[in-house]
file coords.tsv (TSV, C-alpha atoms)
chain	number	residue	atom	x	y	z
A	1	MET	CA	2.66	-8.96	16.78
A	2	SER	CA	1.11	-5.63	17.65
A	3	GLU	CA	2.71	-2.90	19.72
A	4	VAL	CA	0.43	0.01	20.49
A	5	ASN	CA	1.13	3.23	22.38
A	6	GLN	CA	-2.27	4.63	23.28
A	7	SER	CA	-1.89	8.36	22.68
A	8	LYS	CA	-4.82	10.67	23.49
A	9	ARG	CA	-4.12	13.29	20.87
A	10	ASP	CA	-5.00	14.02	17.26
A	11	PHE	CA	-5.34	11.13	14.84
A	12	LEU	CA	-2.67	10.13	12.33
A	13	ALA	CA	-0.53	13.26	12.37
A	14	PHE	CA	2.93	12.37	11.07
A	15	SER	CA	5.05	14.93	12.83
A	16	GLY	CA	7.92	15.26	15.25
A	17	LYS	CA	5.65	17.48	17.29
A	18	ALA	CA	5.20	16.01	20.75
A	19	GLY	CA	1.73	14.88	21.70
A	20	MET	CA	0.55	13.75	18.28
A	21	ALA	CA	-1.18	10.44	17.72
A	22	THR	CA	0.36	7.02	17.65
A	23	LEU	CA	0.40	5.15	14.38
A	24	VAL	CA	1.67	1.59	14.51
A	25	ALA	CA	2.32	0.27	11.01
A	26	GLN	CA	3.49	-3.29	11.25
A	27	ALA	CA	5.06	-4.83	8.16
A	28	ALA	CA	5.36	-8.51	8.89
A	29	GLY	CA	8.37	-9.10	6.73
A	30	ILE	CA	7.27	-9.49	3.16
A	31	ASN	CA	3.83	-10.42	4.36
A	32	LEU	CA	1.54	-7.74	5.66
A	33	GLY	CA	1.02	-4.49	7.50
A	34	ILE	CA	-1.05	-3.73	10.54
A	35	VAL	CA	-2.24	-0.26	11.45
A	36	ASP	CA	-3.69	0.64	14.84
A	37	VAL	CA	-5.82	3.77	14.86
A	38	VAL	CA	-6.03	5.34	18.30
A	39	ARG	CA	-8.76	7.30	20.02
A	40	ALA	CA	-8.84	11.03	19.51
A	41	GLU	CA	-8.87	13.42	22.45
A	42	ALA	CA	-11.99	13.52	24.59
A	43	GLY	CA	-14.88	14.71	22.49
A	44	GLY	CA	-13.29	13.51	19.24
A	45	LYS	CA	-15.05	11.34	16.70
A	46	VAL	CA	-12.47	8.59	16.14
A	47	ASP	CA	-12.96	5.29	17.96
A	48	PRO	CA	-9.95	2.99	18.22
A	49	PHE	CA	-9.71	0.25	15.63
A	50	ARG	CA	-7.26	-1.72	13.55
A	51	PHE	CA	-6.99	-2.61	9.88
A	52	ALA	CA	-4.50	-4.77	8.01
A	53	ILE	CA	-2.73	-4.25	4.69
A	54	ILE	CA	-1.68	-7.06	2.36
A	55	SER	CA	-0.18	-6.27	-1.03
A	56	ASP	CA	1.57	-7.45	-4.18
A	57	ALA	CA	0.97	-11.20	-4.21
A	58	HIS	CA	1.97	-11.60	-7.92
A	59	LEU	CA	0.38	-15.03	-8.22
A	60	TYR	CA	1.32	-17.23	-11.18
A	61	SER	CA	-0.88	-19.72	-13.03
A	62	MET	CA	1.16	-22.77	-12.00
A	63	ASP	CA	-0.08	-24.84	-9.08
A	64	ASP	CA	1.65	-24.70	-5.71
A	65	HIS	CA	3.88	-21.76	-6.57
A	66	LYS	CA	5.77	-20.43	-3.54
A	67	PHE	CA	3.93	-17.09	-3.82
A	68	ASP	CA	0.65	-18.95	-3.21
A	69	GLN	CA	1.84	-20.13	0.18
A	70	GLN	CA	3.26	-16.73	1.09
A	71	LEU	CA	-0.15	-15.13	0.50
A	72	ILE	CA	-1.83	-17.94	2.44
A	73	ASP	CA	0.58	-17.29	5.32
A	74	ALA	CA	-0.30	-13.58	5.28
A	75	VAL	CA	-4.02	-14.37	5.45
A	76	THR	CA	-3.41	-16.77	8.32
A	77	LYS	CA	-1.41	-14.17	10.26
A	78	VAL	CA	-4.16	-11.58	9.87
A	79	ASN	CA	-6.84	-14.05	10.95
A	80	ASN	CA	-4.84	-14.97	14.05
A	81	MET	CA	-4.27	-11.41	15.22
A	82	GLU	CA	-5.58	-10.31	18.60
A	83	PRO	CA	-7.42	-8.06	18.52
A	84	MET	CA	-8.62	-8.93	15.05
A	85	PRO	CA	-8.51	-6.14	12.42
A	86	ASP	CA	-11.84	-4.59	11.47
A	87	PHE	CA	-11.02	-5.00	7.78
A	88	VAL	CA	-8.19	-5.68	5.32
A	89	LEU	CA	-6.95	-3.59	2.42
A	90	PHE	CA	-5.26	-5.36	-0.49
A	91	GLY	CA	-2.95	-2.92	-2.25
A	92	GLY	CA	-2.88	-4.31	-5.80
A	93	ASP	CA	-1.11	-6.88	-7.98
A	94	VAL	CA	-3.01	-10.00	-7.02
A	95	ALA	CA	-1.80	-11.51	-10.30
A	96	GLN	CA	1.50	-11.52	-12.16
A	97	ASN	CA	0.22	-11.72	-15.75
A	98	GLY	CA	-3.36	-10.54	-15.31
A	99	THR	CA	-4.96	-13.84	-16.31
A	100	GLU	CA	-8.35	-14.73	-14.90
A	101	ASP	CA	-7.09	-17.95	-13.30
A	102	GLN	CA	-4.45	-15.99	-11.37
A	103	LEU	CA	-7.05	-13.49	-10.15
A	104	VAL	CA	-9.46	-16.31	-9.24
A	105	LYS	CA	-6.69	-18.03	-7.26
A	106	GLY	CA	-6.05	-14.80	-5.40
A	107	LYS	CA	-9.71	-14.28	-4.61
A	108	GLU	CA	-10.02	-17.84	-3.32
A	109	ILE	CA	-7.07	-17.35	-0.95
A	110	LEU	CA	-8.21	-13.91	0.19
A	111	SER	CA	-11.75	-15.21	0.75
A	112	LYS	CA	-10.35	-17.07	3.77
A	113	LEU	CA	-10.02	-13.75	5.61
A	114	LYS	CA	-12.37	-13.59	8.58
A	115	MET	CA	-13.02	-9.88	8.13
A	116	PRO	CA	-14.18	-7.69	5.20
A	117	MET	CA	-11.67	-6.75	2.51
A	118	LYS	CA	-11.34	-3.73	0.23
A	119	ILE	CA	-9.07	-3.91	-2.78
A	120	ILE	CA	-7.52	-1.69	-5.45
A	121	PRO	CA	-5.83	-2.93	-8.65
A	122	GLY	CA	-2.20	-2.99	-9.68
A	123	GLU	CA	-0.83	-2.87	-13.20
A	124	HIS	CA	-0.25	-6.64	-13.22
A	125	ASP	CA	-3.97	-7.16	-12.62
A	126	TRP	CA	-5.24	-4.84	-15.30
A	127	TYR	CA	-3.68	-4.69	-18.74
A	128	LEU	CA	-4.41	-8.11	-20.20
A	129	ASP	CA	-8.13	-7.33	-20.48
A	130	MET	CA	-8.23	-3.72	-19.18
A	131	GLY	CA	-9.64	-4.77	-15.83
A	132	GLU	CA	-12.57	-6.84	-17.07
A	133	ALA	CA	-11.76	-9.97	-15.05
A	134	TRP	CA	-10.66	-7.92	-12.04
A	135	ARG	CA	-13.91	-5.94	-11.95
A	136	GLY	CA	-15.93	-9.13	-12.36
A	137	LEU	CA	-14.25	-10.65	-9.32
A	138	PHE	CA	-13.65	-7.64	-7.05
A	139	GLY	CA	-16.03	-4.86	-8.14
A	140	ASP	CA	-15.30	-1.14	-8.45
A	141	GLU	CA	-11.70	0.01	-8.33
A	142	THR	CA	-12.63	3.48	-7.04
A	143	TRP	CA	-14.45	3.68	-3.73
A	144	SER	CA	-14.76	5.38	-0.36
A	145	PHE	CA	-16.32	4.58	2.98
A	146	ASP	CA	-16.42	5.88	6.54
A	147	HIS	CA	-15.33	3.77	9.48
A	148	LYS	CA	-15.45	4.88	13.11
A	149	GLY	CA	-14.81	8.52	12.28
A	150	VAL	CA	-12.23	8.00	9.51
A	151	HIS	CA	-12.84	8.50	5.78
A	152	PHE	CA	-11.16	5.85	3.60
A	153	ILE	CA	-10.54	6.28	-0.15
A	154	GLY	CA	-9.34	3.83	-2.81
A	155	LEU	CA	-8.13	4.92	-6.26
A	156	ASN	CA	-6.85	3.17	-9.38
A	157	SER	CA	-3.45	4.83	-9.86
A	158	ILE	CA	-2.07	2.65	-12.67
A	159	LEU	CA	-3.93	4.18	-15.63
A	160	VAL	CA	-1.90	5.13	-18.72
A	161	GLU	CA	-2.68	6.68	-22.07
A	162	ASP	CA	-3.44	4.27	-24.92
A	163	PHE	CA	-0.07	3.03	-26.27
A	164	TRP	CA	-1.39	-0.22	-27.78
A	165	THR	CA	-4.04	0.63	-30.38
A	166	GLY	CA	-1.79	2.54	-32.78
A	167	PRO	CA	0.91	-0.14	-33.08
A	168	GLY	CA	-1.71	-2.91	-32.98
A	169	LEU	CA	-0.47	-4.68	-29.87
A	170	THR	CA	-2.29	-7.81	-28.75
A	171	PRO	CA	-3.65	-7.95	-25.19
A	172	LYS	CA	-0.75	-10.21	-24.20
A	173	GLU	CA	1.77	-7.81	-25.75
A	174	ARG	CA	0.14	-4.92	-23.91
A	175	MET	CA	0.36	-6.86	-20.65
A	176	THR	CA	4.01	-7.72	-21.29
A	177	VAL	CA	4.83	-4.03	-21.74
A	178	MET	CA	3.16	-3.17	-18.44
A	179	GLU	CA	4.94	-5.97	-16.60
A	180	MET	CA	8.37	-4.50	-17.33
A	181	LEU	CA	9.71	-2.43	-14.45
A	182	GLU	CA	11.68	0.03	-16.58
A	183	SER	CA	9.52	0.00	-19.70
A	184	PRO	CA	9.64	3.43	-21.41
A	185	ILE	CA	6.65	2.64	-23.61
A	186	PRO	CA	3.53	3.24	-21.45
A	187	GLY	CA	4.51	6.58	-20.00
A	188	PRO	CA	3.65	7.72	-16.47
A	189	TRP	CA	0.77	6.23	-14.52
A	190	GLY	CA	-1.99	8.23	-12.93
A	191	VAL	CA	-5.59	8.28	-11.74
A	192	HIS	CA	-6.64	10.62	-14.58
A	193	GLU	CA	-9.36	13.23	-14.84
A	194	GLN	CA	-12.47	11.17	-14.10
A	195	GLN	CA	-11.12	9.93	-10.78
A	196	LEU	CA	-9.84	13.39	-9.85
A	197	GLU	CA	-13.34	14.76	-10.38
A	198	TRP	CA	-14.79	11.89	-8.36
A	199	LEU	CA	-12.33	12.52	-5.52
A	200	ALA	CA	-13.13	16.24	-5.37
A	201	LYS	CA	-16.86	15.47	-5.10
A	202	ASP	CA	-16.26	12.70	-2.59
A	203	VAL	CA	-14.49	14.93	-0.05
A	204	LYS	CA	-16.28	18.21	-0.84
A	205	ASP	CA	-18.59	18.18	2.17
A	206	LEU	CA	-16.18	16.64	4.69
A	207	ALA	CA	-14.92	18.82	7.52
A	208	PRO	CA	-11.18	19.65	7.53
A	209	SER	CA	-10.86	17.81	10.83
A	210	THR	CA	-11.95	14.52	9.22
A	211	PRO	CA	-9.08	12.00	9.26
A	212	ILE	CA	-8.38	10.80	5.69
A	213	VAL	CA	-6.73	7.52	4.68
A	214	ILE	CA	-6.11	7.05	0.94
A	215	PHE	CA	-4.96	3.88	-0.81
A	216	THR	CA	-3.21	3.73	-4.18
A	217	HIS	CA	-0.99	1.11	-5.76
A	218	SER	CA	1.76	3.56	-6.69
A	219	PRO	CA	3.22	6.26	-4.41
A	220	LEU	CA	1.54	9.67	-4.31
A	221	TRP	CA	4.93	11.35	-4.68
A	222	ASP	CA	7.83	11.17	-7.13
A	223	TYR	CA	9.97	8.45	-5.60
A	224	TYR	CA	11.62	6.95	-8.72
A	225	PRO	CA	9.66	7.66	-11.93
A	226	ARG	CA	12.03	5.51	-14.01
A	227	TRP	CA	10.44	2.46	-12.34
A	228	ASN	CA	6.99	4.11	-12.17
A	229	PHE	CA	7.48	4.59	-8.44
A	230	GLN	CA	5.20	7.64	-8.68
A	231	THR	CA	1.74	8.80	-9.71
A	232	SER	CA	1.68	11.50	-12.38
A	233	ASP	CA	-1.27	13.42	-10.96
A	234	ALA	CA	-0.29	13.05	-7.31
A	235	PRO	CA	0.07	16.85	-7.00
A	236	GLU	CA	-3.58	17.23	-7.98
A	237	ILE	CA	-4.60	14.58	-5.43
A	238	ARG	CA	-2.60	16.30	-2.71
A	239	GLU	CA	-4.18	19.63	-3.63
A	240	ILE	CA	-7.72	18.20	-3.40
A	241	LEU	CA	-6.88	16.78	0.05
A	242	SER	CA	-4.95	19.83	1.21
A	243	LYS	CA	-7.84	21.20	3.28
A	244	PHE	CA	-7.65	18.28	5.72
A	245	ASP	CA	-5.63	18.38	8.92
A	246	ASN	CA	-4.39	14.81	8.61
A	247	VAL	CA	-4.04	12.67	5.48
A	248	MET	CA	-2.44	9.23	5.53
A	249	SER	CA	-1.45	7.56	2.25
A	250	TYR	CA	-0.66	3.85	1.93
A	251	HIS	CA	0.65	2.28	-1.25
A	252	GLY	CA	2.09	-0.97	-2.54
A	253	HIS	CA	4.12	-1.53	-5.72
A	254	VAL	CA	7.59	-0.76	-4.32
A	255	HIS	CA	7.87	-3.98	-2.25
A	256	GLN	CA	9.94	-2.30	0.45
A	257	THR	CA	9.85	-0.23	3.62
A	258	LEU	CA	9.45	3.44	2.76
A	259	TYR	CA	8.19	6.64	4.37
A	260	ASN	CA	7.74	10.19	3.10
A	261	LYS	CA	5.84	13.33	4.01
A	262	ILE	CA	4.67	16.18	1.77
A	263	GLY	CA	2.55	18.89	3.34
A	264	ASN	CA	-0.33	17.33	5.26
A	265	MET	CA	0.09	13.92	3.57
A	266	SER	CA	2.25	11.20	5.09
A	267	SER	CA	3.00	8.12	3.00
A	268	VAL	CA	3.93	4.60	4.06
A	269	ALA	CA	4.75	1.77	1.66
A	270	ALA	CA	3.52	-1.77	2.20
A	271	MET	CA	5.85	-4.69	1.70
A	272	SER	CA	4.77	-7.51	-0.60
A	273	THR	CA	3.95	-11.16	-0.10
A	274	SER	CA	6.01	-12.06	-3.18
A	275	TRP	CA	9.55	-10.61	-3.27
A	276	PRO	CA	11.46	-7.50	-2.10
A	277	TRP	CA	12.65	-4.93	-4.63
A	278	PRO	CA	16.09	-3.37	-4.23
A	279	TYR	CA	16.09	0.33	-3.44
A	280	PRO	CA	16.61	2.59	-6.47
A	281	PRO	CA	19.70	4.82	-6.55
A	282	VAL	CA	18.05	7.92	-5.07
A	283	GLU	CA	18.38	9.70	-1.76
A	284	LEU	CA	15.46	8.97	0.53
A	285	ALA	CA	13.86	11.75	2.53
A	286	TYR	CA	14.11	9.45	5.53
A	287	PRO	CA	17.06	7.17	4.65
A	288	GLU	CA	16.94	5.35	7.98
A	289	THR	CA	13.83	3.55	6.72
A	290	ARG	CA	15.95	1.59	4.26
A	291	MET	CA	15.94	-2.14	4.97
A	292	ASN	CA	19.35	-3.77	5.22
A	293	ARG	CA	18.99	-6.87	3.10
A	294	ALA	CA	22.06	-9.07	2.94
A	295	ASP	CA	20.63	-11.57	0.46
A	296	PRO	CA	17.66	-10.39	-1.63
A	297	SER	CA	17.55	-13.79	-3.35
A	298	ILE	CA	16.19	-15.33	-0.13
A	299	ALA	CA	12.45	-14.75	-0.19
A	300	THR	CA	12.07	-14.61	3.58
A	301	ASP	CA	15.19	-12.54	4.26
A	302	GLY	CA	14.47	-9.28	6.03
A	303	GLN	CA	11.23	-10.22	7.71
A	304	GLY	CA	10.41	-8.03	10.68
A	305	VAL	CA	8.14	-5.42	12.17
A	306	GLN	CA	8.03	-1.74	11.29
A	307	ILE	CA	6.80	0.47	14.10
A	308	ILE	CA	6.06	4.15	13.63
A	309	ASP	CA	5.30	5.83	16.94
A	310	LEU	CA	4.13	9.41	16.81
A	311	SER	CA	3.08	9.91	20.38
A	312	GLY	CA	4.55	12.54	22.64
A	313	GLU	CA	6.53	9.90	24.51
A	314	PHE	CA	8.76	8.96	21.58
A	315	GLU	CA	8.19	11.95	19.27
A	316	GLY	CA	8.03	10.05	16.04
A	317	LEU	CA	10.38	7.13	16.60
A	318	VAL	CA	10.63	4.57	13.80
A	319	GLN	CA	12.13	1.17	14.56
A	320	TYR	CA	12.53	-2.16	12.82
A	321	LYS	CA	12.46	-5.41	14.72
A	322	PRO	CA	13.38	-8.80	13.24
A	323	PHE	CA	11.27	-11.89	13.63
A	324	GLU	CA	12.96	-14.75	15.45
A	325	ASP	CA	12.83	-16.90	12.34
A	326	SER	CA	14.19	-14.21	10.04
A	327	LEU	CA	17.26	-15.37	8.17
A	328	THR	CA	18.93	-11.96	8.10
A	329	PRO	CA	17.38	-9.55	10.59
A	330	PHE	CA	17.28	-5.88	9.64
A	331	MET	CA	17.50	-3.98	12.91
A	332	GLN	CA	18.02	-0.26	13.12
A	333	ASP	CA	18.13	1.85	16.26
A	334	GLY	CA	15.39	4.14	15.03
A	335	PHE	CA	15.00	7.74	13.96
A	336	LYS	CA	12.67	10.63	14.51
A	337	VAL	CA	10.43	11.93	11.73

call {"tool": "encode", "arguments": {"input": "coords.tsv", "output": "structure tokens"}}
result
Amino acid sequence: MSEVNQSKRDFLAFSGKAGMATLVAQAAGINLGIVDVVRAEAGGKVDPFRFAIISDAHLYSMDDHKFDQQLIDAVTKVNNMEPMPDFVLFGGDVAQNGTEDQLVKGKEILSKLKMPMKIIPGEHDWYLDMGEAWRGLFGDETWSFDHKGVHFIGLNSILVEDFWTGPGLTPKERMTVMEMLESPIPGPWGVHEQQLEWLAKDVKDLAPSTPIVIFTHSPLWDYYPRWNFQTSDAPEIREILSKFDNVMSYHGHVHQTLYNKIGNMSSVAAMSTSWPWPYPPVELAYPETRMNRADPSIATDGQGVQIIDLSGEFEGLVQYKPFEDSLTPFMQDGFKV
């Protein structure tokens, strides 16, 4: 599944500038993403490694739901990769309705991974009990770690102001509000002040040359706020990380192929293991990333591989390749970022 161009230049720089590093982000249809991190130039501190991204399982309480098998398939594909990823990131929304049995089901499936996993929450995981079951199963939602010269950060980006206490909403009613894609009630999501303070302290002593990878459920840019395809305090996050040469942001939530770049931060969206969202009616910064889906009602339609090559050889070529078993392949000739 993996296609790697071994560049010898700087790590993770999304740019059309020749000679920058290769990033291979593989989105296996609606299943998963694979990222190969290449070696920096001689004397650099980044050793080559790979990590996988799985996101947005949206598991239901019923037994043998089709989303169960789609998550199982994603886990199997990651476990069978050669070389095997060093770790896996799950990008949020294990559950659909936030119930403990849905989260437990997700943990049981994800426990079959042969490598370590880090996870952040999505709104579907959180608002039935305000994260109590999620924390009990998965631990802290805000974290960071260093791996082979790269600093990784996970944030909870789906926090909203209290809209439920005043009107006396039950936990289930609160969850129902948060499940709605276009709900005007909760207001914009964000990471809020406590996490911003934590982030500033976390990166304070890191050198500007340190490669940064940050994970959030929602995009760190205003993609389509009407559907909460945004994070309200993303500008503050970008400002805190502005001192770094290279920042890579990965997010879930949108269930579609997507790319954007603001300043030193490049963003890539992970597909989901559940279903694909249609694209909202907005102009994309890089419209060639749009998947051509002939029949969104077919769960496996549009499966393929997304390859982002930022080496000097291809100067930022992005291509999509269909799987042989894909019902409606989405192939585009590619474009330069």

call {"tool": "residues_around", "arguments": {"input": "coords.tsv", "residues": "Met178 in chain A", "least_positions_apart": "2", "cutoff": "10 Å", "atoms": "only C-alpha atoms", "output": "list in words"}}
result
Asn97, Glu123, His124, Trp126, Tyr127, Leu128, Ile158, Val160, Lys172, Glu173, Arg174, Met175, Thr176, Met180, Leu181, Glu182, Ser183, Pro184, Ile185, Pro186 and Gly187 of chain A

call {"tool": "atom_distance", "arguments": {"input": "coords.tsv", "atom1": "CA of Val268 in chain A", "atom2": "CA of Ala74 in chain A"}}
result
18.7 Å

call {"tool": "atom_distance", "arguments": {"input": "coords.tsv", "atom1": "CA of Thr99 in chain A", "atom2": "CA of Phe67 in chain A"}}
result
15.7 Å

call {"tool": "residues_around", "arguments": {"input": "coords.tsv", "residues": "Ala95 in chain A", "least_positions_apart": "2", "cutoff": "10 Å", "atoms": "only C-alpha atoms", "output": "PyMOL selection string"}}
result
chain A and resi 56-61+92-93+97-106+121-126+134

call {"tool": "closest_residue", "arguments": {"input": "coords.tsv", "among": "A:Leu241, A:Val191, A:Thr210, A:Ser55", "to": "Gln256 in chain A", "atoms": "all atoms listed in the file"}}
result
A:Ser55

call {"tool": "atom_distance", "arguments": {"input": "coords.tsv", "atom1": "CA of Phe215 in chain A", "atom2": "CA of Val254 in chain A"}}
result
13.8 Å

call {"tool": "residues_around", "arguments": {"input": "coords.tsv", "residues": "Pro188 in chain A", "least_positions_apart": "6", "cutoff": "8 Å", "atoms": "all atoms listed in the file", "output": "ChimeraX atom specification"}}
result
/A:160,225,228,230-232

call {"tool": "residues_around", "arguments": {"input": "coords.tsv", "residues": "Val203 in chain A", "least_positions_apart": "2", "cutoff": "12 Å", "atoms": "all atoms listed in the file", "output": "ChimeraX atom specification"}}
result
/A:143-146,151-153,196-201,205-214,237,239-244

call {"tool": "closest_residue", "arguments": {"input": "coords.tsv", "among": "A:Gly139, A:Pro280, A:Gly252, A:Gly131", "to": "Ile53 in chain A", "atoms": "all atoms listed in the file"}}
result
A:Gly252

call {"tool": "closest_residue", "arguments": {"input": "coords.tsv", "among": "A:Ile262, A:Ser157, A:Val177, A:Met62", "to": "Phe229 in chain A", "atoms": "all atoms listed in the file"}}
result
A:Ser157

call {"tool": "closest_residue", "arguments": {"input": "coords.tsv", "among": "A:Met265, A:Ala270, A:Leu258, A:Val78", "to": "Leu284 in chain A", "atoms": "all atoms listed in the file"}}
result
A:Leu258

call {"tool": "axis_aligned_box", "arguments": {"input": "coords.tsv", "around": "range 117-122 of chain A", "padding_each_side": "8 Å", "output": "lines of an AutoDock Vina configuration file"}}
result
center_x = -6.9
center_y = -4.2
center_z = -3.6
size_x = 25.5
size_y = 21.1
size_z = 28.2

call {"tool": "residues_near_point", "arguments": {"input": "coords.tsv", "point": "(7.9, 13.4, 1.0)", "cutoff": "9 Å", "atoms": "all atoms listed in the file", "output": "list in words"}}
result
Trp221, Asp222, Tyr223, Tyr259, Asn260, Lys261, Ile262, Gly263, Met265, Ser266, Ser267, Leu284, Ala285 and Tyr286 of chain A
